[in-house]
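S.K.: Below is structure36.cif; it holds mmCIF, C-alpha atoms.
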data_model
#
loop_
_atom_site.label_atom_id
_atom_site.label_comp_id
_atom_site.auth_asym_id
_atom_site.auth_seq_id
_atom_site.Cartn_x
_atom_site.Cartn_y
_atom_site.Cartn_z
CA MET A 1 -103.38 -8.27 -5.53
CA THR A 2 -101.56 -9.23 -8.72
CA HIS A 3 -98.29 -11.13 -9.07
CA ALA A 4 -96.71 -7.77 -9.93
CA GLN A 5 -97.46 -6.47 -6.47
CA ALA A 6 -96.66 -9.61 -4.52
CA THR A 7 -93.86 -9.84 -1.97
CA ALA A 8 -92.51 -12.76 0.01
CA SER A 9 -94.09 -11.42 3.20
CA ASP A 10 -97.67 -11.44 2.02
CA ARG A 11 -97.84 -14.30 -0.48
CA SER A 12 -97.52 -18.05 -0.02
CA ILE A 13 -95.62 -20.21 -2.47
CA GLY A 14 -98.96 -21.50 -3.68
CA ASP A 15 -100.11 -17.94 -4.38
CA TYR A 16 -96.96 -17.24 -6.39
CA ILE A 17 -97.29 -20.39 -8.47
CA ARG A 18 -101.00 -19.93 -9.14
CA ASP A 19 -100.59 -16.25 -10.09
CA TRP A 20 -97.70 -16.90 -12.46
CA ARG A 21 -99.34 -19.99 -13.94
CA GLN A 22 -102.45 -18.02 -14.76
CA HIS A 23 -100.37 -15.09 -15.99
CA ARG A 24 -98.54 -17.43 -18.39
CA ARG A 25 -101.89 -18.98 -19.36
CA PHE A 26 -101.07 -22.51 -18.20
CA SER A 27 -103.66 -24.87 -16.83
CA GLN A 28 -102.55 -27.00 -13.91
CA LEU A 29 -102.43 -30.00 -16.23
CA SER A 30 -100.42 -28.29 -18.97
CA LEU A 31 -97.89 -26.94 -16.47
CA ALA A 32 -97.60 -30.30 -14.73
CA LEU A 33 -96.86 -31.96 -18.08
CA GLU A 34 -94.37 -29.24 -19.00
CA ILE A 35 -92.31 -29.67 -15.82
CA GLU A 36 -92.91 -33.42 -15.39
CA LEU A 37 -94.76 -33.13 -12.11
CA SER A 38 -98.06 -34.76 -11.21
CA GLN A 39 -101.08 -32.50 -11.47
CA LYS A 40 -102.20 -33.72 -8.04
CA HIS A 41 -98.90 -32.62 -6.47
CA LEU A 42 -99.10 -29.24 -8.20
CA SER A 43 -102.68 -28.79 -7.01
CA PHE A 44 -101.69 -29.59 -3.42
CA ILE A 45 -98.83 -27.06 -3.59
CA GLU A 46 -101.11 -24.29 -4.87
CA SER A 47 -103.73 -25.01 -2.21
CA GLY A 48 -101.15 -25.09 0.57
CA ARG A 49 -101.70 -28.78 1.37
CA SER A 50 -98.13 -29.61 0.35
CA ILE A 51 -94.81 -27.79 0.73
CA PRO A 52 -92.61 -28.21 -2.36
CA SER A 53 -88.92 -29.00 -2.15
CA ARG A 54 -86.39 -26.37 -3.22
CA GLU A 55 -85.81 -28.32 -6.43
CA VAL A 56 -89.52 -28.37 -7.25
CA VAL A 57 -89.88 -24.64 -6.60
CA LEU A 58 -87.04 -23.93 -9.02
CA ARG A 59 -88.41 -26.40 -11.59
CA ILE A 60 -91.83 -24.73 -11.51
CA ALA A 61 -90.32 -21.24 -11.69
CA SER A 62 -88.17 -22.24 -14.65
CA GLY A 63 -91.12 -23.80 -16.44
CA LEU A 64 -93.08 -20.57 -16.00
CA GLY A 65 -90.18 -18.35 -17.07
CA VAL A 66 -90.27 -16.44 -13.79
CA PRO A 67 -87.55 -13.74 -13.51
CA LEU A 68 -84.66 -14.63 -11.20
CA ARG A 69 -85.58 -11.80 -8.82
CA ILE A 70 -89.04 -13.34 -8.29
CA ARG A 71 -87.62 -16.87 -8.04
CA ASN A 72 -85.76 -15.75 -4.93
CA LEU A 73 -89.04 -14.47 -3.47
CA MET A 74 -90.71 -17.77 -4.29
CA LEU A 75 -87.96 -19.64 -2.45
CA LEU A 76 -88.39 -17.39 0.58
CA ALA A 77 -92.15 -17.94 0.52
CA ALA A 78 -91.54 -21.70 0.55
CA GLY A 79 -89.13 -21.39 3.48
CA TYR A 80 -85.83 -21.62 1.62
CA ALA A 81 -82.91 -19.25 1.24
CA PRO A 82 -82.53 -17.41 -2.08
CA VAL A 83 -80.07 -18.98 -4.53
CA TYR A 84 -79.58 -16.20 -7.07
CA PRO A 85 -77.09 -13.51 -5.99
CA GLU A 86 -77.55 -9.83 -6.79
CA ARG A 87 -74.41 -7.70 -6.94
CA ARG A 88 -73.53 -4.39 -8.48
CA LEU A 89 -71.82 -4.62 -11.83
CA ASP A 90 -68.68 -3.12 -10.28
CA HIS A 91 -68.45 -5.99 -7.76
CA PRO A 92 -65.09 -7.83 -8.10
CA ASP A 93 -66.84 -11.13 -8.85
CA LEU A 94 -68.51 -9.54 -11.89
CA ALA A 95 -65.30 -8.09 -13.33
CA PRO A 96 -65.37 -10.44 -16.37
CA ALA A 97 -68.96 -9.45 -17.09
CA ARG A 98 -68.16 -5.74 -16.73
CA ALA A 99 -65.20 -6.16 -19.10
CA ALA A 100 -67.49 -7.86 -21.61
CA VAL A 101 -70.02 -5.01 -21.36
CA ASP A 102 -67.31 -2.38 -21.86
CA LEU A 103 -65.95 -4.31 -24.84
CA VAL A 104 -69.35 -4.45 -26.52
CA LEU A 105 -70.05 -0.77 -25.87
CA LYS A 106 -66.65 0.23 -27.28
CA ALA A 107 -67.13 -1.94 -30.35
CA TYR A 108 -70.21 0.03 -31.38
CA GLU A 109 -68.39 3.37 -31.60
CA PRO A 110 -68.90 5.77 -33.35
CA TYR A 111 -72.49 4.65 -32.81
CA LEU A 112 -74.25 5.17 -29.49
CA ALA A 113 -74.50 2.15 -27.20
CA ILE A 114 -75.66 2.07 -23.59
CA ALA A 115 -76.09 -0.51 -20.85
CA VAL A 116 -79.20 -0.20 -18.67
CA ASP A 117 -80.66 -2.05 -15.70
CA ARG A 118 -84.17 -3.44 -15.38
CA GLY A 119 -85.59 0.03 -14.67
CA TRP A 120 -83.87 1.58 -17.71
CA ASN A 121 -81.33 3.38 -15.55
CA LEU A 122 -78.00 4.03 -17.22
CA VAL A 123 -75.25 1.68 -16.07
CA SER A 124 -72.61 2.52 -18.66
CA ALA A 125 -72.25 4.15 -22.07
CA ASN A 126 -69.65 4.52 -24.77
CA ALA A 127 -68.00 7.73 -25.93
CA ALA A 128 -70.71 8.32 -28.53
CA ALA A 129 -73.15 9.21 -25.73
CA ALA A 130 -71.48 12.56 -25.03
CA PRO A 131 -72.97 14.52 -27.99
CA PHE A 132 -76.44 13.26 -27.05
CA LEU A 133 -76.15 14.12 -23.36
CA ALA A 134 -74.84 17.56 -24.28
CA GLN A 135 -78.28 18.35 -25.75
CA VAL A 136 -80.05 17.92 -22.40
CA THR A 137 -81.09 21.29 -20.96
CA ASN A 138 -82.13 20.11 -17.49
CA PRO A 139 -79.03 19.09 -15.51
CA GLU A 140 -81.19 17.28 -12.96
CA LEU A 141 -81.94 14.63 -15.61
CA LEU A 142 -78.21 13.85 -15.75
CA GLN A 143 -77.88 13.24 -12.03
CA GLY A 144 -77.74 9.59 -11.14
CA PRO A 145 -79.43 7.39 -11.67
CA ILE A 146 -80.04 8.59 -15.23
CA ASN A 147 -83.22 7.02 -16.58
CA VAL A 148 -82.77 6.85 -20.34
CA LEU A 149 -86.47 6.57 -21.16
CA ARG A 150 -87.35 9.59 -19.05
CA LEU A 151 -84.42 11.40 -20.68
CA SER A 152 -85.64 10.59 -24.18
CA LEU A 153 -89.25 11.66 -23.62
CA ARG A 154 -88.89 14.75 -21.45
CA GLN A 155 -88.86 18.00 -23.43
CA ASP A 156 -85.98 19.27 -21.31
CA GLY A 157 -84.18 16.05 -22.14
CA LEU A 158 -84.06 14.82 -25.74
CA GLY A 159 -87.81 14.89 -26.39
CA ARG A 160 -87.79 18.31 -28.05
CA LEU A 161 -85.23 17.04 -30.58
CA ILE A 162 -87.07 13.88 -31.62
CA VAL A 163 -88.79 14.70 -34.91
CA ASN A 164 -91.15 11.70 -34.75
CA TYR A 165 -91.80 12.13 -31.03
CA ASP A 166 -95.34 10.72 -30.97
CA GLU A 167 -94.35 7.60 -32.91
CA TRP A 168 -91.24 7.05 -30.79
CA ALA A 169 -93.10 7.59 -27.51
CA ARG A 170 -95.81 5.11 -28.47
CA ASP A 171 -93.17 2.52 -29.32
CA ILE A 172 -91.45 3.03 -25.97
CA LEU A 173 -94.75 2.60 -24.15
CA ARG A 174 -95.45 -0.61 -26.07
CA ARG A 175 -92.01 -1.96 -25.15
CA VAL A 176 -92.31 -1.09 -21.46
CA ALA A 177 -95.84 -2.52 -21.32
CA ALA A 178 -94.52 -5.76 -22.83
CA GLN A 179 -91.72 -5.79 -20.24
CA LEU A 180 -94.27 -5.38 -17.47
CA GLU A 181 -96.37 -8.19 -18.90
CA ALA A 182 -93.33 -10.49 -18.92
CA SER A 183 -91.84 -9.55 -15.56
CA GLY A 184 -94.70 -8.38 -13.35
CA ASP A 185 -92.22 -5.91 -11.91
CA PRO A 186 -93.72 -3.06 -9.81
CA VAL A 187 -90.70 -0.89 -10.70
CA ILE A 188 -91.68 -1.19 -14.36
CA ALA A 189 -95.34 -0.54 -13.52
CA ASP A 190 -94.37 2.76 -11.88
CA LEU A 191 -92.08 3.68 -14.78
CA LEU A 192 -94.79 2.96 -17.33
CA GLU A 193 -97.23 5.21 -15.48
CA GLU A 194 -94.64 8.01 -15.36
CA LEU A 195 -93.82 7.71 -19.07
CA ARG A 196 -97.50 7.84 -19.97
CA GLU A 197 -97.83 11.03 -17.97
CA ILE A 198 -94.76 12.57 -19.63
CA SER A 199 -95.89 11.67 -23.15
CA GLY A 200 -99.58 12.39 -22.61
CA ILE A 201 -100.49 9.03 -24.14
CA ALA A 202 -103.17 7.23 -22.16
CA PRO A 203 -103.29 3.44 -21.67
CA GLY A 204 -104.74 1.71 -24.70
CA HIS A 205 -103.83 4.58 -27.03
CA GLU A 206 -100.32 3.42 -27.94
CA GLY A 207 -101.50 2.44 -31.40
CA ARG A 208 -99.85 -0.20 -33.56
CA ASP A 209 -96.41 -0.42 -35.07
CA GLU A 210 -96.70 0.96 -38.61
CA HIS A 211 -93.34 -0.44 -39.71
CA GLY A 212 -94.37 -4.05 -40.07
CA GLY A 213 -92.98 -5.07 -36.71
CA VAL A 214 -89.40 -4.62 -37.92
CA PHE A 215 -88.41 -1.44 -36.11
CA VAL A 216 -89.51 2.06 -35.24
CA PRO A 217 -86.80 4.59 -36.06
CA MET A 218 -85.80 7.41 -33.76
CA LYS A 219 -85.35 10.57 -35.80
CA LEU A 220 -83.26 13.06 -33.86
CA ARG A 221 -82.45 16.63 -34.82
CA PHE A 222 -78.69 17.19 -34.81
CA GLY A 223 -77.96 20.83 -35.59
CA ASP A 224 -79.29 21.43 -39.10
CA ALA A 225 -79.52 17.72 -39.86
CA VAL A 226 -81.87 14.93 -38.81
CA ALA A 227 -80.27 11.64 -37.82
CA SER A 228 -82.31 8.46 -38.09
CA PHE A 229 -81.58 5.48 -35.85
CA ILE A 230 -82.68 1.91 -35.38
CA SER A 231 -82.06 0.24 -32.04
CA THR A 232 -80.86 -3.27 -31.24
CA THR A 233 -80.59 -4.99 -27.87
CA THR A 234 -78.10 -7.48 -26.44
CA VAL A 235 -78.56 -9.55 -23.28
CA PHE A 236 -76.46 -12.10 -21.42
CA GLY A 237 -77.28 -15.71 -22.26
CA THR A 238 -78.55 -17.94 -19.43
CA PRO A 239 -77.29 -15.78 -16.54
CA THR A 240 -77.59 -17.06 -12.95
CA GLU A 241 -77.01 -13.66 -11.35
CA ILE A 242 -79.86 -11.17 -10.99
CA THR A 243 -77.95 -8.08 -12.13
CA LEU A 244 -76.73 -9.79 -15.29
CA SER A 245 -80.14 -11.31 -16.02
CA GLU A 246 -81.66 -7.81 -16.04
CA LEU A 247 -78.86 -5.99 -17.89
CA VAL A 248 -79.57 -4.85 -21.44
CA ILE A 249 -77.19 -3.28 -23.94
CA GLU A 250 -79.00 -1.11 -26.45
CA ALA A 251 -77.24 0.22 -29.51
CA PHE A 252 -78.52 2.95 -31.83
CA LEU A 253 -77.36 2.26 -35.35
CA PRO A 254 -77.69 4.57 -38.36
CA ALA A 255 -80.77 3.90 -40.44
CA ASP A 256 -79.25 5.57 -43.49
CA ALA A 257 -75.89 6.61 -44.97
CA GLU A 258 -76.41 10.27 -44.07
CA THR A 259 -76.73 9.41 -40.37
CA ALA A 260 -73.62 7.20 -40.50
CA ALA A 261 -71.61 10.07 -42.01
CA LEU A 262 -72.96 12.54 -39.47
CA LEU A 263 -72.04 10.32 -36.51
CA ALA A 264 -68.56 9.69 -37.88
CA ALA A 265 -68.02 13.44 -38.09
CA VAL A 266 -69.48 14.25 -34.66
CA VAL A 267 -68.08 11.38 -32.64
CA GLY A 268 -64.91 10.75 -34.63
#
Starting from the coordinates I provided, produce the structure as structure tokens.
M.R.:
Amino acid sequence: MTHAQATASDRSIGDYIRDWRQHRRFSQLSLALEIELSQKHLSFIESGRSIPSREVVLRIASGLGVPLRIRNLMLLAAGYAPVYPERRLDHPDLAPARAAVDLVLKAYEPYLAIAVDRGWNLVSANAAAAPFLAQVTNPELLQGPINVLRLSLRQDGLGRLIVNYDEWARDILRRVAAQLEASGDPVIADLLEELREISGIAPGHEGRDEHGGVFVPMKLRFGDAVASFISTTTVFGTPTEITLSELVIEAFLPADAETAALLAAVVG
């Protein structure tokens, strides 16, 4: 069983630490030096001979860059209550964060900007999303939650309109695979498998980025024109709330003057 499949009920705190340490390619010694803990103590924790304090669990998780969602599971496995809350973005306590998200989305108009959760489900979008969603022929894809990656690759979504579909699909698969590598999230593992099935691109056949690692454009047919976009992402800095830690704002900006003019005319 990998760290991606682990849950608090079937893994000890030692299992979690060992799996994530190996996943991050730390030796016991290098991790102990990184977090200023003795290697002997770390070894005892991994073997189950010692139960770490809450502070030590959090220090190890931070040193390994473990996602907040998994840090809560690690605390549970060690016998402690979770410390990171998870609330919907419309929760009253997150009103300032929601206002900030709406402000950023609005600021990108007339260019498309969306906010998505960890599973690439649409949380919010600006007014520029309407012309894109209007191109979707399968209304079931627009019933919540709307998964934006599924929407972009399905032929009854936006896939049939993407001129460089193969290139764009391969880039999406590379990005989701990298997300899975970083997070070990089973939700992302399932999504990656689904996207591979939709695109027909098997594991290991994603190819390499041919744009020098700068960006892969999305070229979308808009009526008689082809609009070319580059995407940028924005995340919250040092969040201590699970929802905010997993929220991503992605904006699609014009890659050329023709696309900028087209969007200004369509969106207004």
S.K.: Starting from the displayed file, determine the output of the PyMOL selection byres ((chain A and resi 55-59) around 9) and express the residue list as a compact mmCIF listing (two decimals) with C-alpha atoms, in the coordinates of the input.
M.R.:
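The new file expr_0.txt reads:
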# COMPACT_ATOMS: atom_id res chain seq x y z
CA ILE A 13 -95.62 -20.21 -2.47
CA ILE A 17 -97.29 -20.39 -8.47
CA ILE A 35 -92.31 -29.67 -15.82
CA LEU A 37 -94.76 -33.13 -12.11
CA PRO A 52 -92.61 -28.21 -2.36
CA SER A 53 -88.92 -29.00 -2.15
CA ARG A 54 -86.39 -26.37 -3.22
CA ILE A 60 -91.83 -24.73 -11.51
CA ALA A 61 -90.32 -21.24 -11.69
CA SER A 62 -88.17 -22.24 -14.65
CA GLY A 63 -91.12 -23.80 -16.44
CA LEU A 64 -93.08 -20.57 -16.00
CA ARG A 71 -87.62 -16.87 -8.04
CA MET A 74 -90.71 -17.77 -4.29
CA LEU A 75 -87.96 -19.64 -2.45
CA ALA A 78 -91.54 -21.70 0.55
S.K.: Around (-83.5, 14.1, -26.7) in the file's frame, which residues reach within 12 Å when counting all atoms listed in the file? Return as a ChimeraX atom specification?
M.R.: /A:129,131-138,141,148-165,168-169,218-222,227
S.K.: How many Å separate atom CA of Leu180 of chain A from atom CA of Gly204 of chain A?
M.R.: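 For atom CA of Leu180 of chain A relative to atom CA of Gly204 of chain A, the distance reads 14.6 Å.
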S.K.: Of the candidates A:Asp166, A:Leu192, A:Val123, A:Val216, which one gets nearest to Arg98 of chain A if we count only C-alpha atoms?
M.R.: A:Val123
S.K.: Report the distance between atom CA of Ala189 of chain A and atom CA of Leu173 of chain A in Å, rounded to one decimal place.
M.R.: 11.1 Å
S.K.: Rank nothing, just name the residue among A:Val104, A:Leu73, A:Leu31, A:Leu244 nearest to Glu86 of chain A, using all atoms listed in the file.
M.R.: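 Closest candidate: A:Leu244.
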S.K.: Could you list, as a list in words, every residue within 10 Å of Thr240 of chain A, counting all atoms listed in the file and ignoring same-chain residues fewer than 3 positions away?
M.R.: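 Result of the neighbour search: Leu68, Val83, Tyr84, Pro85, Glu86, Phe236, Gly237, Thr243, Leu244 and Ser245 of chain A.
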